[in-house]
file data16.cif (mmCIF, C-alpha atoms and all ligand atoms)
data_input
loop_
_atom_site.label_atom_id
_atom_site.label_comp_id
_atom_site.auth_asym_id
_atom_site.auth_seq_id
_atom_site.Cartn_x
_atom_site.Cartn_y
_atom_site.Cartn_z
CA MET S 415 -39.72 1.32 74.94
CA GLU S 416 -36.93 0.30 77.26
CA GLN S 417 -33.76 2.36 77.05
CA GLY S 418 -31.04 1.06 74.73
CA VAL S 419 -33.10 -1.90 73.54
CA PHE S 420 -34.38 -3.00 70.15
CA GLN S 421 -36.60 -5.96 69.31
CA ILE S 422 -35.07 -9.18 67.99
CA GLY S 423 -37.31 -11.74 66.27
CA PRO S 424 -36.80 -15.51 66.42
CA ILE S 425 -35.73 -16.40 62.89
CA ARG S 426 -33.96 -15.41 59.70
CA PRO S 427 -32.98 -17.44 56.63
CA PRO S 428 -29.65 -19.32 57.03
CA SER S 429 -28.17 -17.15 54.30
CA GLU S 430 -28.85 -14.12 56.54
CA ALA S 431 -27.07 -15.62 59.56
CA ASN S 432 -24.48 -12.84 59.47
CA SER S 433 -26.89 -9.99 58.81
CA LEU S 434 -28.11 -7.45 61.34
CA LEU S 435 -31.74 -8.24 62.24
CA LEU S 436 -34.40 -5.54 62.28
CA ARG S 437 -37.85 -6.55 63.51
CA VAL S 438 -40.48 -4.77 61.45
CA THR S 439 -43.45 -7.05 62.12
CA GLU S 440 -44.02 -9.67 64.82
CA ASN S 441 -44.75 -13.32 63.97
CA CYS S 442 -46.68 -14.56 60.92
CA PRO S 443 -49.88 -13.02 59.49
CA TRP S 444 -50.84 -16.34 57.86
CA ASN S 445 -49.68 -18.89 60.42
CA LYS S 446 -51.55 -21.84 58.87
CA CYS S 447 -48.92 -23.85 56.98
CA LYS S 448 -49.27 -27.38 58.28
CA PHE S 449 -45.56 -28.17 58.34
CA CYS S 450 -44.60 -25.01 60.24
CA MET S 451 -44.43 -24.80 64.02
CA LEU S 452 -42.67 -21.48 64.35
CA TYR S 453 -45.28 -18.95 65.35
CA LYS S 454 -48.24 -21.15 66.22
CA LYS S 455 -48.57 -19.76 69.74
CA ASN S 456 -48.06 -16.11 68.78
CA ASP S 457 -50.38 -13.56 67.22
CA PHE S 458 -49.28 -11.36 64.38
CA HIS S 459 -48.68 -7.64 64.94
CA THR S 460 -47.30 -4.88 62.80
CA ARG S 461 -44.96 -2.48 64.54
CA SER S 462 -45.34 1.25 64.13
CA VAL S 463 -42.87 2.98 61.82
CA ALA S 464 -41.89 5.22 64.74
CA ASP S 465 -40.99 2.21 66.92
CA VAL S 466 -38.97 0.57 64.15
CA LYS S 467 -37.13 3.85 63.57
CA LYS S 468 -36.29 4.01 67.27
CA ASP S 469 -34.80 0.51 66.97
CA ILE S 470 -32.69 1.65 64.03
CA ASP S 471 -31.53 4.63 66.10
CA VAL S 472 -30.42 2.32 68.93
CA MET S 473 -28.51 0.16 66.45
CA ALA S 474 -26.82 3.23 64.96
CA GLU S 475 -25.97 4.53 68.43
CA TYR S 476 -24.34 1.23 69.46
CA ARG S 477 -22.50 1.12 66.14
CA ASP S 478 -21.10 4.63 66.82
CA ARG S 479 -20.16 3.84 70.42
CA ILE S 480 -18.37 0.65 69.37
CA LEU S 481 -16.59 2.46 66.51
CA ALA S 482 -15.34 5.08 69.00
CA HIS S 483 -13.33 2.25 70.59
CA GLU S 484 -11.63 1.31 67.34
CA HIS S 485 -8.10 2.56 66.79
CA ASN S 486 -6.03 1.63 63.75
CA GLY S 487 -8.31 -1.30 62.96
CA GLU S 488 -8.15 -2.74 66.51
CA TYR S 489 -10.97 -2.63 69.05
CA ASP S 490 -10.17 -1.60 72.61
CA MET S 491 -11.85 -4.61 74.19
CA GLU S 492 -11.39 -3.35 77.74
CA ALA S 493 -13.31 -0.14 76.96
CA ILE S 494 -15.99 -2.11 75.13
CA GLN S 495 -16.36 -4.46 78.09
CA GLN S 496 -16.69 -1.46 80.46
CA GLU S 497 -19.36 0.11 78.28
CA TYR S 498 -21.22 -3.20 78.03
CA LEU S 499 -21.26 -3.67 81.81
CA LEU S 500 -22.69 -0.18 82.33
CA LEU S 501 -25.68 -0.79 80.08
CA PRO S 502 -29.01 -0.41 81.93
CA SER S 503 -30.44 -3.94 81.49
CA ASP S 504 -29.73 -7.49 80.33
CA GLU S 505 -31.84 -6.80 77.22
CA ALA S 506 -29.71 -3.77 76.36
CA LYS S 507 -26.59 -5.92 76.80
CA ILE S 508 -27.98 -8.51 74.36
CA CYS S 509 -28.67 -5.76 71.80
CA TYR S 510 -25.24 -4.19 72.21
CA GLN S 511 -23.62 -7.59 71.85
CA MET S 512 -25.64 -8.30 68.71
CA VAL S 513 -24.41 -5.08 67.08
CA PHE S 514 -20.84 -5.80 68.18
CA THR S 515 -20.95 -9.34 66.77
CA TRP S 516 -22.47 -8.05 63.53
CA MET S 517 -19.68 -5.42 63.22
CA THR S 518 -16.82 -7.75 64.06
CA GLU S 519 -17.86 -11.17 62.76
CA GLY S 520 -20.97 -10.61 60.66
CA ASP S 521 -21.74 -9.10 57.29
CA LYS S 522 -21.45 -5.38 58.05
CA GLN S 523 -23.22 -4.57 54.81
CA ALA S 524 -26.39 -6.64 55.29
CA ILE S 525 -29.62 -6.29 57.24
CA PHE S 526 -32.64 -8.61 57.29
CA LEU S 527 -36.16 -7.36 58.04
CA GLN S 528 -38.00 -9.74 60.37
CA ASP S 529 -40.40 -11.64 60.92
CA ALA S 530 -42.19 -14.10 58.63
CA ASN S 531 -43.76 -11.82 56.02
CA THR S 532 -42.66 -8.20 56.24
CA MET S 533 -44.01 -7.58 52.75
CA VAL S 534 -47.51 -7.61 54.22
CA LEU S 535 -46.83 -4.15 55.66
CA ARG S 536 -48.25 -1.11 53.84
CA PRO S 537 -45.73 -0.32 51.08
CA ASP S 538 -45.42 3.35 52.10
CA TRP S 539 -44.53 2.27 55.67
CA LEU S 540 -42.00 -0.24 54.41
CA ILE S 541 -40.48 2.36 52.08
CA GLU S 542 -40.11 4.77 55.00
CA ILE S 543 -38.38 2.08 57.09
CA VAL S 544 -36.05 0.96 54.28
CA SER S 545 -35.14 4.61 53.54
CA TYR S 546 -34.41 5.22 57.21
CA VAL S 547 -32.11 2.17 57.34
CA ARG S 548 -30.19 3.63 54.37
CA GLU S 549 -29.98 7.02 56.10
CA ARG S 550 -28.91 5.89 59.58
CA LEU S 551 -26.84 2.85 58.59
CA PRO S 552 -25.20 3.97 55.33
CA GLU S 553 -22.75 1.05 55.42
CA ILE S 554 -25.64 -1.29 54.59
CA GLN S 555 -25.46 -2.53 51.00
CA ARG S 556 -28.12 -5.26 51.16
CA ILE S 557 -31.61 -5.09 52.67
CA THR S 558 -33.61 -8.32 52.53
CA SER S 559 -36.98 -9.57 53.76
CA TYR S 560 -39.33 -12.55 53.74
CA GLY S 561 -42.53 -12.31 51.64
CA ARG S 562 -45.21 -14.97 51.08
CA ALA S 563 -46.16 -15.61 47.42
CA ASN S 564 -49.78 -14.63 47.94
CA THR S 565 -48.67 -11.29 49.40
CA LEU S 566 -46.17 -10.68 46.60
CA ALA S 567 -48.87 -11.31 43.98
CA ARG S 568 -51.03 -8.56 45.48
CA ILE S 569 -48.36 -5.82 45.58
CA SER S 570 -48.46 -3.50 42.57
CA PRO S 571 -45.50 -3.30 40.16
CA GLU S 572 -45.23 0.38 41.04
CA ASP S 573 -44.92 -0.33 44.77
CA PHE S 574 -42.21 -2.91 44.06
CA LYS S 575 -40.34 -0.36 41.97
CA ASN S 576 -40.60 2.21 44.77
CA LEU S 577 -39.38 -0.35 47.30
CA ARG S 578 -36.44 -1.13 45.05
CA ALA S 579 -35.68 2.58 44.64
CA ALA S 580 -35.82 3.01 48.45
CA GLY S 581 -33.23 0.24 48.79
CA LEU S 582 -34.91 -3.17 49.18
CA ASP S 583 -32.53 -5.62 47.51
CA ARG S 584 -33.83 -9.16 47.99
CA ILE S 585 -37.01 -11.01 48.92
CA HIS S 586 -36.92 -14.53 50.35
CA SER S 587 -40.11 -16.46 49.73
CA GLY S 588 -41.07 -19.92 50.97
CA TYR S 589 -42.76 -21.24 47.84
CA GLU S 590 -42.23 -24.82 49.16
CA SER S 591 -43.86 -26.31 46.04
CA GLY S 592 -45.06 -25.20 42.63
CA SER S 593 -47.99 -27.62 42.72
CA ASP S 594 -51.47 -26.35 43.55
CA GLN S 595 -52.40 -29.77 44.93
CA VAL S 596 -49.44 -29.74 47.31
CA LEU S 597 -49.95 -26.09 48.27
CA THR S 598 -53.58 -26.82 49.15
CA MET S 599 -52.69 -29.93 51.13
CA ILE S 600 -50.14 -28.08 53.28
CA SER S 601 -52.39 -24.97 53.63
CA LYS S 602 -49.79 -22.64 52.19
CA GLY S 603 -52.46 -20.10 51.27
CA ALA S 604 -50.88 -19.45 47.88
CA THR S 605 -51.27 -20.85 44.38
CA GLN S 606 -48.92 -21.55 41.53
CA GLU S 607 -50.38 -18.47 39.84
CA ASP S 608 -49.48 -16.33 42.89
CA GLU S 609 -45.95 -17.68 42.77
CA ILE S 610 -45.54 -16.88 39.08
CA ILE S 611 -47.24 -13.47 39.17
CA GLY S 612 -45.61 -12.41 42.46
CA GLY S 613 -42.17 -13.72 41.48
CA LYS S 614 -42.21 -12.01 38.09
CA LYS S 615 -43.19 -8.68 39.64
CA VAL S 616 -40.32 -8.90 42.13
CA LYS S 617 -37.85 -9.66 39.35
CA GLU S 618 -39.19 -6.99 37.01
CA ALA S 619 -38.70 -4.37 39.73
CA GLY S 620 -35.02 -5.36 39.89
CA ILE S 621 -35.33 -6.98 43.33
CA GLU S 622 -33.54 -10.33 43.76
CA LEU S 623 -35.82 -13.30 44.42
CA SER S 624 -34.78 -16.21 46.61
CA ILE S 625 -37.34 -19.04 46.74
CA TYR S 626 -37.44 -22.15 48.91
CA PHE S 627 -38.43 -25.59 47.67
CA MET S 628 -39.33 -28.52 49.92
CA PRO S 629 -38.62 -31.85 48.22
CA GLY S 630 -40.86 -34.47 49.82
CA VAL S 631 -43.56 -32.14 51.13
CA GLY S 632 -46.11 -33.68 48.74
CA GLY S 633 -45.47 -37.16 50.11
CA LYS S 634 -45.38 -40.32 48.02
CA SER S 635 -48.50 -39.68 45.98
CA LEU S 636 -47.62 -36.11 44.96
CA SER S 637 -43.87 -36.53 44.59
CA ASN S 638 -43.88 -36.42 40.80
CA GLU S 639 -46.32 -33.50 40.80
CA ASN S 640 -44.18 -31.61 43.34
CA ALA S 641 -41.03 -31.99 41.23
CA MET S 642 -42.62 -31.20 37.86
CA GLU S 643 -44.76 -28.24 38.91
CA THR S 644 -41.93 -26.70 40.91
CA ALA S 645 -39.65 -26.94 37.87
CA LYS S 646 -42.40 -25.25 35.87
CA VAL S 647 -42.54 -22.31 38.30
CA ILE S 648 -38.75 -22.00 38.29
CA ASN S 649 -38.72 -21.92 34.48
CA GLU S 650 -41.43 -19.25 34.42
CA VAL S 651 -40.04 -17.00 37.14
CA ASN S 652 -36.27 -17.44 36.77
CA PRO S 653 -35.53 -16.76 40.46
CA ASP S 654 -32.05 -15.69 41.51
CA PHE S 655 -31.87 -18.47 44.09
CA VAL S 656 -33.69 -21.77 44.61
CA ARG S 657 -32.92 -22.96 48.11
CA LEU S 658 -33.55 -26.63 48.88
CA ARG S 659 -35.13 -27.59 52.21
CA THR S 660 -35.77 -31.32 52.23
CA PHE S 661 -39.06 -31.93 54.02
CA VAL S 662 -39.10 -33.90 57.25
CA LEU S 663 -42.39 -34.54 59.00
CA ARG S 664 -41.86 -32.90 62.34
CA THR S 665 -43.22 -34.35 65.52
CA GLY S 666 -45.99 -32.09 66.81
CA SER S 667 -46.73 -30.44 63.45
CA LEU S 668 -50.17 -30.50 61.80
CA MET S 669 -48.71 -32.74 59.09
CA GLU S 670 -49.09 -35.56 61.60
CA GLU S 671 -52.87 -35.26 61.29
CA LEU S 672 -52.61 -35.65 57.52
CA ARG S 673 -50.40 -38.70 57.98
CA ASP S 674 -52.69 -40.24 60.60
CA SER S 675 -55.76 -39.73 58.39
CA GLY S 676 -53.97 -41.54 55.55
CA MET S 677 -53.89 -38.43 53.33
CA TYR S 678 -50.13 -38.11 53.52
CA LYS S 679 -47.48 -40.79 53.25
CA GLU S 680 -43.95 -39.59 53.87
CA GLN S 681 -41.34 -40.66 51.35
CA ARG S 682 -38.20 -42.45 52.35
CA ASP S 683 -35.22 -40.18 52.90
CA ILE S 684 -33.62 -41.43 49.69
CA GLU S 685 -36.80 -40.92 47.66
CA LYS S 686 -36.72 -37.21 48.46
CA LEU S 687 -33.32 -37.05 46.77
CA LEU S 688 -34.84 -38.68 43.70
CA GLU S 689 -37.47 -35.97 43.74
CA ILE S 690 -34.76 -33.29 43.75
CA ARG S 691 -33.19 -35.05 40.78
CA LYS S 692 -36.47 -35.06 38.90
CA MET S 693 -37.05 -31.36 39.60
CA LEU S 694 -33.53 -30.46 38.45
CA ALA S 695 -33.91 -32.58 35.31
CA HIS S 696 -36.95 -30.54 34.30
CA ILE S 697 -35.40 -27.11 34.75
CA ASP S 698 -34.75 -25.43 31.42
CA PRO S 699 -31.29 -23.79 31.56
CA LYS S 700 -32.32 -21.46 28.74
CA LYS S 701 -35.05 -20.02 30.97
CA ALA S 702 -33.64 -20.32 34.50
CA HIS S 703 -30.18 -18.92 35.26
CA GLY S 704 -30.08 -18.49 39.04
CA LYS S 705 -28.40 -20.55 41.69
CA ILE S 706 -29.52 -23.81 43.24
CA ALA S 707 -28.41 -23.47 46.86
CA SER S 708 -28.34 -26.37 49.26
CA ASP S 709 -27.65 -24.25 52.31
CA HIS S 710 -29.24 -26.41 54.98
CA ILE S 711 -27.99 -29.47 56.85
CA ILE S 712 -31.34 -31.19 56.19
CA ASN S 713 -30.37 -31.85 52.55
CA LEU S 714 -28.73 -35.22 52.08
CA LEU S 715 -26.32 -34.15 49.34
CA GLN S 716 -25.38 -30.59 50.25
CA GLU S 717 -22.87 -30.49 47.40
CA VAL S 718 -25.74 -30.29 44.89
CA THR S 719 -25.40 -26.60 44.30
CA GLY S 720 -24.60 -24.47 41.27
CA TYR S 721 -26.03 -22.25 38.57
CA MET S 722 -29.00 -23.54 36.60
CA ASP S 723 -27.66 -22.32 33.28
CA GLN S 724 -24.24 -23.93 33.76
CA ASP S 725 -24.14 -26.66 36.38
CA LEU S 726 -27.28 -28.79 35.96
CA PRO S 727 -25.45 -31.63 34.11
CA TRP S 728 -22.86 -31.77 36.87
CA MET S 729 -25.51 -31.75 39.62
CA LEU S 730 -27.45 -34.58 37.98
CA GLU S 731 -24.29 -36.61 37.49
CA TYR S 732 -23.34 -36.11 41.11
CA ILE S 733 -26.73 -37.40 42.32
CA ASP S 734 -26.47 -40.34 39.91
CA SER S 735 -23.00 -41.20 41.20
CA PHE S 736 -24.49 -41.47 44.69
CA PHE S 737 -27.28 -43.77 43.50
CA ALA S 738 -24.67 -45.92 41.73
CA LEU S 739 -23.11 -46.79 45.10
CA PRO S 740 -23.85 -50.20 46.65
CA GLU S 741 -26.85 -50.02 48.98
CA LEU S 742 -24.76 -50.43 52.12
CA GLU S 743 -22.55 -47.47 51.14
CA GLN S 744 -25.63 -45.33 50.50
CA LYS S 745 -27.01 -46.27 53.90
CA LYS S 746 -23.73 -45.53 55.65
CA TYR S 747 -23.58 -42.09 54.12
CA GLN S 748 -27.23 -41.38 54.86
CA LEU S 749 -26.73 -42.29 58.48
CA ALA S 750 -23.52 -40.27 58.81
CA ARG S 751 -25.23 -37.18 57.41
CA ARG S 752 -28.33 -37.62 59.53
CA MET S 753 -26.11 -37.99 62.58
CA GLY S 754 -24.77 -34.54 61.68
CA PHE S 755 -21.42 -35.25 60.01
CA PRO S 756 -21.07 -32.58 57.32
CA LEU S 757 -19.24 -34.39 54.56
CA ASP S 758 -19.25 -35.40 50.93
CA TRP S 759 -19.98 -39.14 50.48
CA LYS S 760 -16.50 -39.56 48.98
CA TYR S 761 -14.90 -38.69 52.30
CA LEU S 762 -16.64 -41.04 54.69
CA TYR S 763 -13.27 -42.66 55.36
CA ARG S 764 -12.17 -39.41 57.07
CA LEU S 765 -14.47 -40.04 60.04
CA GLN S 766 -12.96 -41.27 63.30
CA PRO S 767 -12.54 -45.08 63.15
CA SER S 768 -14.95 -45.48 66.09
CA ASP S 769 -17.64 -43.47 64.27
CA GLN S 770 -17.03 -45.42 61.08
CA SER S 771 -17.53 -48.76 62.78
CA ARG S 772 -20.64 -47.56 64.66
CA ILE S 773 -22.16 -46.34 61.41
CA GLU S 774 -21.21 -49.52 59.54
CA GLU S 775 -22.69 -51.73 62.24
CA MET S 776 -26.02 -49.86 62.38
CA SER S 777 -26.28 -49.72 58.60
CA LYS S 778 -25.74 -53.46 58.32
CA ASN S 779 -27.91 -54.49 61.22
CA ILE S 780 -31.04 -52.46 60.52
CA VAL S 781 -32.57 -54.20 57.53
CA ASP S 782 -36.21 -53.38 58.07
CA ASP S 783 -37.11 -50.29 55.98
CA LYS S 784 -39.51 -48.86 58.57
CA GLU S 785 -36.98 -49.20 61.36
CA TRP S 786 -34.32 -47.59 59.19
CA GLU S 787 -36.48 -44.60 58.30
CA ALA S 788 -37.52 -44.22 61.94
CA LEU S 789 -33.87 -44.12 62.96
CA LEU S 790 -33.05 -41.46 60.37
CA HIS S 791 -36.11 -39.50 61.43
CA ARG S 792 -35.03 -39.52 65.07
CA PHE S 793 -31.90 -37.66 64.01
CA THR S 794 -33.47 -35.24 61.53
CA ASP S 795 -36.33 -34.35 63.89
CA ARG S 796 -33.67 -33.00 66.25
CA TYR S 797 -32.08 -30.48 63.94
CA ILE S 798 -34.87 -28.80 62.04
S1 LIG D 801 -45.99 -18.39 56.01
FE1 LIG D 801 -43.99 -19.07 56.77
S2 LIG D 801 -43.95 -18.58 58.96
FE2 LIG D 801 -46.09 -18.42 58.26
S3 LIG D 801 -46.99 -20.40 58.76
FE3 LIG D 801 -46.25 -20.50 56.64
S4 LIG D 801 -44.14 -21.29 56.77
FE4 LIG D 801 -44.74 -20.62 58.83
#
call {"tool": "encode", "arguments": {"input": "data16.cif", "output": "structure tokens"}}
result
Amino acid sequence: MEQGVFQIGPIRPPSEANSLLLRVTENCPWNKCKFCMLYKKNDFHTRSVADVKKDIDVMAEYRDRILAHEHNGEYDMEAIQQEYLLLPSDEAKICYQMVFTWMTEGDKQAIFLQDANTMVLRPDWLIEIVSYVRERLPEIQRITSYGRANTLARISPEDFKNLRAAGLDRIHSGYESGSDQVLTMISKGATQEDEIIGGKKVKEAGIELSIYFMPGVGGKSLSNENAMETAKVINEVNPDFVRLRTFVLRTGSLMEELRDSGMYKEQRDIEKLLEIRKMLAHIDPKKAHGKIASDHIINLLQEVTGYMDQDLPWMLEYIDSFFALPELEQKKYQLARRMGFPLDWKYLYRLQPSDQSRIEEMSKNIVDDKEWEALLHRFTDRYI
């Protein structure tokens, strides 16, 4: 292994944007989901515990060297710059910078284990790695990882309890849908039963569970099924977080084959919001208490967020208030959001006058539904 270097994988959940990243496995062991283009060209590998420990040692060493330049809460930036320039390679510089950014701007108490499904690793290996993180980086208060539902369902309750005792705090899992029909169509390689069994085991071990739901991934024909069956899984499992990721059919993904064969018909942008509403309306606040999080720009109404046992009425009302707007106002807001303006629909008037008139003109002039959806898609395809 190159001196002063640790591996950095390509992705982490948005909620882990400020966490330190520790690569425990490389790429995705499943790699067949039709909507996903992340690791298609890369083979899966596990990393040896010894190599991962060496990475943790490099992180701890950089942390110590950076801390040595801190005096009375201030960093001596000149000394840090000197140290950075003397590092043996560009890769080492990137790693040093990552630790520095994590210490100064990130969440100093959080680390995320990469890549796509770390939970596939032998539990005793994972326990050794998690324990070593706790030993060498004692400031860490939260250790999180991705885990696919099918993998979670196969891990024993005892292994989960041991992982929790070693210090694993949260598992993120891309459930995408609670419907077996949808899961089969998108080749998720997991069933509703896996989601329920796996999710319950995670929760029973005292590990937080953060699941992802893709409104729209079932297309027009399975929209109702997607909403209802996902609500059912949420009610059964009571996850700590349900994170919304509105589905957009990405250019170049295998979903295009389903569309071209006529098996999949993408919903209109606005219909996916209706699907979110339906899913929310079928969550039972007596059974599900966690948080609905809309922490991705791809969701049309990012304000739809809150606790399932307290805020569902408000969330439904908020969606309804959007649908009560005149069609032109809905279109203007849709376009503004898809162009990347991060605002509540009530504050459209705060945009620059030139942006407002451009949006108004396009919203009025494009009357053909297909053309309108194609325009929105051109924007969304860019930022997912
Ligand atoms: S399990 Fe995750 S990373 Fe792997 S193919 Fe599916 S969505 Fe992509």
call {"tool": "closest_residue", "arguments": {"input": "data16.cif", "among": "S:Lys614, S:Arg426, S:His710, S:Arg536", "to": "ligand LIG 801 (chain D)", "atoms": "only C-alpha atoms and all ligand atoms"}}
result
S:Arg426
call {"tool": "residues_around", "arguments": {"input": "data16.cif", "residues": "Gln421 in chain S", "least_positions_apart": "6", "cutoff": "12 Å", "atoms": "all atoms listed in the file", "output": "ChimeraX atom specification"}}
result
/S:415,434-440,461,465-470,472-473,505-506,508-510,512,527-529
call {"tool": "closest_residue", "arguments": {"input": "data16.cif", "among": "S:Ser570, S:Gln770, S:Gln495, S:Asn564", "to": "ligand LIG 801 (chain D)", "atoms": "only C-alpha atoms and all ligand atoms"}}
result
S:Asn564
call {"tool": "closest_residue", "arguments": {"input": "data16.cif", "among": "S:Ile690, S:Leu623, S:Ala738, S:Ala431", "to": "Gly704 in chain S", "atoms": "only C-alpha atoms"}}
result
S:Leu623
call {"tool": "residues_around", "arguments": {"input": "data16.cif", "residues": "Asp723 in chain S", "least_positions_apart": "6", "cutoff": "7 Å", "atoms": "all atoms listed in the file", "output": "MDAnalysis selection string"}}
result
chainID S and resid 699:700 702:703
call {"tool": "closest_residue", "arguments": {"input": "data16.cif", "among": "S:Ala579, S:Cys442, S:Leu687, S:Leu500", "to": "Asp734 in chain S", "atoms": "only C-alpha atoms"}}
result
S:Leu687
call {"tool": "closest_residue", "arguments": {"input": "data16.cif", "among": "S:Cys450, S:Leu714, S:Ala641, S:Met491", "to": "ligand LIG 801 (chain D)", "atoms": "all atoms listed in the file"}}
result
S:Cys450
call {"tool": "atom_distance", "arguments": {"input": "data16.cif", "atom1": "CA of Val616 in chain S", "atom2": "CA of Val544 in chain S"}}
result
16.2 Å
call {"tool": "residues_near_ligand", "arguments": {"input": "data16.cif", "ligand": "ligand LIG 801 (chain D)", "cutoff": "9 Å", "atoms": "only C-alpha atoms and all ligand atoms", "output": "ChimeraX atom specification"}}
result
/S:441-454,529-531,560-562,587-588,590,601-603
call {"tool": "closest_residue", "arguments": {"input": "data16.cif", "among": "S:Ile557, S:Val534, S:Glu622, S:Asp521", "to": "His459 in chain S", "atoms": "all atoms listed in the file"}}
result
S:Val534
call {"tool": "residues_around", "arguments": {"input": "data16.cif", "residues": "Lys507 in chain S", "least_positions_apart": "5", "cutoff": "9 Å", "atoms": "only C-alpha atoms", "output": "PDB file with C-alpha atoms, keeping the file's coordinate frame"}}
result
ATOM      1  CA  GLY S 418     -31.040   1.060  74.730  1.00  0.00           C
ATOM      2  CA  VAL S 419     -33.100  -1.900  73.540  1.00  0.00           C
ATOM      3  CA  TYR S 498     -21.220  -3.200  78.030  1.00  0.00           C
ATOM      4  CA  LEU S 499     -21.260  -3.670  81.810  1.00  0.00           C
ATOM      5  CA  LEU S 500     -22.690  -0.180  82.330  1.00  0.00           C
ATOM      6  CA  LEU S 501     -25.680  -0.790  80.080  1.00  0.00           C
ATOM      7  CA  PRO S 502     -29.010  -0.410  81.930  1.00  0.00           C
ATOM      8  CA  MET S 512     -25.640  -8.300  68.710  1.00  0.00           C
TER       9      MET S 512
END
call {"tool": "axis_aligned_box", "arguments": {"input": "data16.cif", "around": "range 451-470 of chain S", "padding_each_side": "8 Å", "output": "AutoDock Vina command-line options"}}
result
--center_x -41.5 --center_y -9.8 --center_z 65.8 --size_x 33.7 --size_y 46.0 --size_z 23.9
call {"tool": "residues_around", "arguments": {"input": "data16.cif", "residues": "Ile554 in chain S", "least_positions_apart": "3", "cutoff": "7 Å", "atoms": "all atoms listed in the file", "output": "ChimeraX atom specification"}}
result
/S:522-525,548,551
